[in-house]
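J.: Below: one structure in C-alpha cells.
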Amino acid sequence: MEKKQKSGGLMGWFIVLIVVGAIALALGFTLKNKFHHGGGDDDILPVPGPPGAVTKKYGDALKIALQFFDIQKSGKLVDNAISWRGDSALQDGKDAGLDLSKGMYDAGDHMKFGFPMAYTATVLSWAILEYGDQMNAAGQLQSAKDSLKWITDYFVNAHPEPNVLYIQVGDPELDHKCWDRPEVMTEKRPLIQINSSTPGTEVAAETAAAMASASLVFKSDSTYSSLLLKHAKELFKFADEHRGSYSENIPEVQTYYNSTGYGDELLWAASWLYHATKDNTYLDYVTGNDGETFANWGSPTWFSWDDKRPGTQVLLSRVSFFDSKVATNVNLKKYKKTAEAVMCGLLPKSPTATKSRTKSGLIWISDWNALQHPMASAFLAVVYSDYMITSRNQKIQCDANSFSASDLRKFALSQANYVLGDNPMKMSYLVGYGDKYSQFVHHRGASIPTDATTNCSDGWQWLDSDQPNPNIATGALVGGPFLNESYVDSRNNSMQTEPSTYNSAAIVGLLSGLVTTSSVVASFT
C-alpha cells in the first residue's frame, strides 16, 4: 500500500509538471504574439489584447505632436500650457449672436476654415477610436480628447439650426494683410454660413462626420455624445437633401480650400453615422445608388482634406473585417477591394506601387504641404494592417504578389521615420522633436515675441526677421521637403514651413498606431 501510494504521488507530480510546462509554453507563445509586431510573416498575428510596451521614440513624438493643437486653440484658454499663447478671438460669432470663440486656427494665420477643421476633428476622432488604448499607454489620451472637444464645442455652436452651419470665421484677404499675434488682432472677422438656399454639401457632410465620430469618442458622457450625434444626423440630412458645392455657391472660398466635389463627403459621413448608430439606413446609403454614383470603386486616390474616398474605403473595410452579418454585401466588398488597391499602391515592392515618391521613399504628391499625403497614407496603412492582424487576415493580393500586415506596418514606419529625421536633410520635420528642426516656421504667434507691441501692419518686421522664431511652435508638422528632398528653412517660404492642424491630426493618428502594439476593437459602440 505504501509503495502504491508513493508511486501514485510521483505520477501525479509528473502530470502536474507536464501541465505547468505546457501552460508556460502557451503563455510564452501568447505573449510573444501579443506584443511583437515583427518582421517575418510568422510574427504578425498577435493574440488580440491590450497594448504592449511603449516605444519611446514614437511616444515622445506623439506627446510633442499633440501640443500643436494647444498652440492653435482660439478662445478663452483653459489650463493653458503654452507660455506664449493667451486668450484670443473672444468676440468671434457675436455678430450672429453666437459664441464661436473656440475652434482652432487653421495654420500659421488666424483663420477658422470649417472644412479642414472638420476633417481634422474626424481624423483625430478616428485615431482615438482605433488607438485610444495605445494613446493611454503613452499618457496622451486625455490630451487628444481635450483637443477634439475644443473643436466639437465650436461646431455645436456653429450649427444653431438644422439647415444652418457657420463654416468660416475671418476674411482671408483681411487676415493675410496682417502679421500679428492672435491675442492682439483687431481686424474684422466676418462670418460665412451655408443654409438651404446657399448649400455647401461637402462642409455640412464633413462636419457631420466629425460629430458622428466624436460622439463615439465621448460615449462615456452620454449627454454630450447624444448632443453630437443629434447634430451629426441633422447635418447629414441637410447635406444630402440640399445638395450643392460650397465652392460653387460661395466662390470666395475657392482660393484656399476649394472642393473638387461633395460625393466623397456624403459617403464618409454616412459611414461614420453607420458606425455611430448601427442604423442600416446609412449602410444602405453607401452601398446603394449613392455608392454607385460617388464611390469610384477600383480607382485608388489620395486621402486628404478634399478627398475622403480612401478613408471611407478603409473605414468600411472595418465592417467587412469584423461584421460577418453584412460582410457579404457585394458593394461593401468593393470598398474593401479598393482599400486593398490603395494599400498595394503604397507598398514599395508591390507591382502596382505608386511612383510618386522621393528617392528616399517618402510618398510625395505636391510641392505645397508635401507631408499631408504621406502622413495620411501611412495612417491608413497602419490602421489597415491592424484590421488584418486583429481579424487574422494574413495577406492582401497585389496582382500576382501577396503582402502581409507587417509589410504595411514597415511602410508606415518608413514614412514616420522620414519625418522624424531619417531623411537626406537629417532633420526632423516635427518641430520640437530631435536636435535639428525648423527654426523659421511660418507661424505668426511663434514668430513675434510676447512682449512686442505690434498691430496689424507693423508686425511684418517679424516675418522678415533673419532671427529664429522666439517661440517654438512645438508639435508643428511643417509643409515638408521638395521632390529633390531639399528644405529651405525660411519664414517667407510658406510652401514648406507652414504647419496645419489637419496634418497634425494625421501624424497623431500614425504615431498612435506605432507607439506600441495592440489589437483594434471589433466595434466602436
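Identifiers in this document derive from the order of the C-alpha cells: chains are assigned A, B, ..., residues are numbered from 1 separately in each chain, and ligands are numbered from 1 in order of occurrence.
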Show which residues sit within 10 Å of His176 (chain A), as number ranges by chain. Count only C-alpha atoms, and ignore same-chain residues fewer than 3 positions away.

T.: A: 109-111, 171-173, 179-180, 456

J.: Find the spatial neighbours of Leu266 (chain A), counting only C-alpha atoms, within a cut-off of 8 Å - ignore same-chain residues fewer than 4 positions away - and output them as a list of chain:residue names.

T.: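 The neighbour list is A:Thr201, A:Glu202, A:Ala205, A:Glu206, A:Phe236, A:Ala239, A:Asp240, A:Tyr262, A:Ala270.
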
J.: Could those selected residues go to a file with N, CA and C atoms, as a PDB file, in the first residue's frame?

T.:
```
ATOM      1  N   THR A 201     -22.652  71.218 -49.419  1.00  0.00           N
ATOM      2  CA  THR A 201     -22.805  69.815 -49.023  1.00  0.00           C
ATOM      3  C   THR A 201     -21.532  69.236 -48.416  1.00  0.00           C
ATOM      4  N   GLU A 202     -20.373  69.530 -49.028  1.00  0.00           N
ATOM      5  CA  GLU A 202     -19.148  68.905 -48.544  1.00  0.00           C
ATOM      6  C   GLU A 202     -18.793  69.333 -47.122  1.00  0.00           C
ATOM      7  N   ALA A 205     -21.444  67.798 -44.684  1.00  0.00           N
ATOM      8  CA  ALA A 205     -21.229  66.360 -44.529  1.00  0.00           C
ATOM      9  C   ALA A 205     -19.957  66.060 -43.741  1.00  0.00           C
ATOM     10  N   GLU A 206     -18.889  66.814 -44.007  1.00  0.00           N
ATOM     11  CA  GLU A 206     -17.653  66.594 -43.242  1.00  0.00           C
ATOM     12  C   GLU A 206     -17.863  66.919 -41.768  1.00  0.00           C
ATOM     13  N   PHE A 236     -26.091  65.753 -41.674  1.00  0.00           N
ATOM     14  CA  PHE A 236     -26.085  64.830 -42.819  1.00  0.00           C
ATOM     15  C   PHE A 236     -27.362  65.006 -43.638  1.00  0.00           C
ATOM     16  N   ALA A 239     -27.012  68.137 -45.580  1.00  0.00           N
ATOM     17  CA  ALA A 239     -26.055  67.968 -46.682  1.00  0.00           C
ATOM     18  C   ALA A 239     -26.653  67.181 -47.831  1.00  0.00           C
ATOM     19  N   ASP A 240     -27.415  66.149 -47.488  1.00  0.00           N
ATOM     20  CA  ASP A 240     -27.943  65.247 -48.511  1.00  0.00           C
ATOM     21  C   ASP A 240     -29.155  65.839 -49.227  1.00  0.00           C
ATOM     22  N   TYR A 262     -18.544  66.877 -53.683  1.00  0.00           N
ATOM     23  CA  TYR A 262     -19.092  66.580 -52.364  1.00  0.00           C
ATOM     24  C   TYR A 262     -19.507  65.124 -52.168  1.00  0.00           C
ATOM     25  N   ALA A 270     -21.905  59.244 -44.008  1.00  0.00           N
ATOM     26  CA  ALA A 270     -22.829  58.121 -43.822  1.00  0.00           C
ATOM     27  C   ALA A 270     -22.115  56.924 -43.193  1.00  0.00           C
TER      28      ALA A 270
END
```

J.: Could you give me, as a ChimeraX atom specification, the residues within 6 Å of Ile363 (chain A), counting only C-alpha atoms and dropping anything in the same chain fewer than 2 positions from it?

T.: /A:356-357,374

J.: Okay, now the selection with all heavy atoms, as a compact mmCIF listing (two decimals), in the first residue's frame?

T.:
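Okay, result-v3.txt is ready:
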```txt
# COMPACT_ATOMS: atom_id res chain seq x y z
N SER A 356 5.06 57.95 -57.22
CA SER A 356 5.06 59.28 -56.61
C SER A 356 5.78 59.24 -55.27
O SER A 356 5.17 59.29 -54.20
CB SER A 356 3.62 59.79 -56.44
OG SER A 356 2.97 59.87 -57.68
N ARG A 357 7.10 59.14 -55.34
CA ARG A 357 7.93 59.06 -54.14
C ARG A 357 9.24 59.81 -54.39
O ARG A 357 9.69 59.97 -55.51
CB ARG A 357 8.31 57.61 -53.80
CG ARG A 357 7.16 56.65 -53.61
CD ARG A 357 7.68 55.23 -53.41
NE ARG A 357 6.62 54.26 -53.68
CZ ARG A 357 5.85 53.73 -52.74
NH1 ARG A 357 6.07 54.04 -51.48
NH2 ARG A 357 4.89 52.88 -53.05
N PRO A 374 1.79 61.73 -47.42
CA PRO A 374 2.46 60.58 -46.80
C PRO A 374 1.97 60.30 -45.39
O PRO A 374 1.87 59.14 -44.98
CB PRO A 374 3.94 60.97 -46.81
CG PRO A 374 3.99 62.43 -47.02
CD PRO A 374 2.78 62.76 -47.84
```

J.: Could you pull the residues within 10 Å of region 510-512 of chain A, counting only C-alpha atoms, minus those fewer than 5 positions along the same chain, as a PyMOL selection string?

T.: chain A and resi 57-63+65+127-128+130-138+140-141+375-383+412-413+415-416+504-505+517

J.: Please identify all polymer residues within 8 Å of Gly170 (chain A), counting only C-alpha atoms, omitting same-chain residues fewer than 3 positions from it, and present them as a PyMOL selection string.

T.: chain A and resi 110-112+174-175+188-191

J.: State, in Å with one decimal place, the distance from CA of Ser196 (chain A) to CA of His242 (chain A).

T.: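 Computing the Euclidean distance for CA of Ser196 (chain A) and CA of His242 (chain A) yields 6.0 Å.
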
J.: Can you pull out every residue within 12 Å of Ala96 (chain A), counting only C-alpha atoms, but drop anything in the same chain fewer than 4 positions away, and send it as a list in words?

T.: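 Skipping anything fewer than 4 positions along the chain leaves Gln91, Asp92, Leu100, Asn157, Ala158, His159, Pro160, Val164, Leu165, Tyr166, Val169, Arg189, Pro190, Leu191, Ile192 and Gln193 of chain A.
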
J.: Take the residues from that selection and put them in a file with C-alpha atoms, as a PDB file, in the first residue's frame.

T.:
```pdb
ATOM      1  CA  GLN A  91     -15.788  88.096 -29.910  1.00  0.00           C
ATOM      2  CA  ASP A  92     -15.951  85.595 -32.777  1.00  0.00           C
ATOM      3  CA  LEU A 100     -17.698  80.928 -31.967  1.00  0.00           C
ATOM      4  CA  ASN A 157     -22.293  76.424 -31.561  1.00  0.00           C
ATOM      5  CA  ALA A 158     -21.673  76.862 -35.297  1.00  0.00           C
ATOM      6  CA  HIS A 159     -24.797  74.788 -36.051  1.00  0.00           C
ATOM      7  CA  PRO A 160     -27.636  76.824 -34.477  1.00  0.00           C
ATOM      8  CA  VAL A 164     -27.648  76.484 -40.956  1.00  0.00           C
ATOM      9  CA  LEU A 165     -23.932  75.968 -40.419  1.00  0.00           C
ATOM     10  CA  TYR A 166     -21.305  78.672 -39.994  1.00  0.00           C
ATOM     11  CA  VAL A 169     -14.680  82.951 -39.252  1.00  0.00           C
ATOM     12  CA  ARG A 189     -13.740  88.760 -38.552  1.00  0.00           C
ATOM     13  CA  PRO A 190     -16.869  88.300 -40.673  1.00  0.00           C
ATOM     14  CA  LEU A 191     -18.802  85.034 -40.749  1.00  0.00           C
ATOM     15  CA  ILE A 192     -19.804  82.823 -43.649  1.00  0.00           C
ATOM     16  CA  GLN A 193     -22.722  80.420 -43.365  1.00  0.00           C
TER      17      GLN A 193
END
```

J.: Mind checking which residues fall within 8 Å of region 292-300 of chain A, counting only C-alpha atoms, ignoring those fewer than 2 positions away in the same chain, and posting them as a PyMOL selection string?

T.: chain A and resi 263-264+267+287-290+302+309-310+334-335+337-339+341-342+345

J.: Residues of the last selection are to be written out with C-alpha atoms, as a PDB file, in the first residue's frame.

T.:
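After the write, result38.pdb holds the following:
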```pdb
ATOM      1  CA  GLY A 263     -19.909  62.944 -53.093  1.00  0.00           C
ATOM      2  CA  ASP A 264     -16.965  61.631 -51.102  1.00  0.00           C
ATOM      3  CA  LEU A 267     -20.239  58.646 -48.208  1.00  0.00           C
ATOM      4  CA  THR A 287     -23.763  50.547 -50.755  1.00  0.00           C
ATOM      5  CA  GLY A 288     -26.767  51.713 -52.785  1.00  0.00           C
ATOM      6  CA  ASN A 289     -27.251  54.298 -55.518  1.00  0.00           C
ATOM      7  CA  ASP A 290     -25.100  56.925 -53.820  1.00  0.00           C
ATOM      8  CA  TRP A 302      -5.031  60.091 -52.044  1.00  0.00           C
ATOM      9  CA  ARG A 309     -12.704  58.221 -50.547  1.00  0.00           C
ATOM     10  CA  PRO A 310      -9.606  56.331 -49.331  1.00  0.00           C
ATOM     11  CA  LYS A 334     -15.958  46.735 -53.463  1.00  0.00           C
ATOM     12  CA  TYR A 335     -14.937  49.242 -50.796  1.00  0.00           C
ATOM     13  CA  LYS A 337     -11.172  45.712 -52.635  1.00  0.00           C
ATOM     14  CA  THR A 338     -10.487  49.363 -53.430  1.00  0.00           C
ATOM     15  CA  ALA A 339      -8.919  49.824 -49.985  1.00  0.00           C
ATOM     16  CA  ALA A 341      -5.729  48.670 -54.102  1.00  0.00           C
ATOM     17  CA  VAL A 342      -4.833  51.790 -52.077  1.00  0.00           C
ATOM     18  CA  GLY A 345      -0.150  51.403 -54.279  1.00  0.00           C
TER      19      GLY A 345
END
```

J.: What is the CA of Phe238 (chain A) to CA of Gly75 (chain A) distance in Å?

T.: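 We find that CA of Phe238 (chain A) and CA of Gly75 (chain A) lie 27.9 Å from each other.
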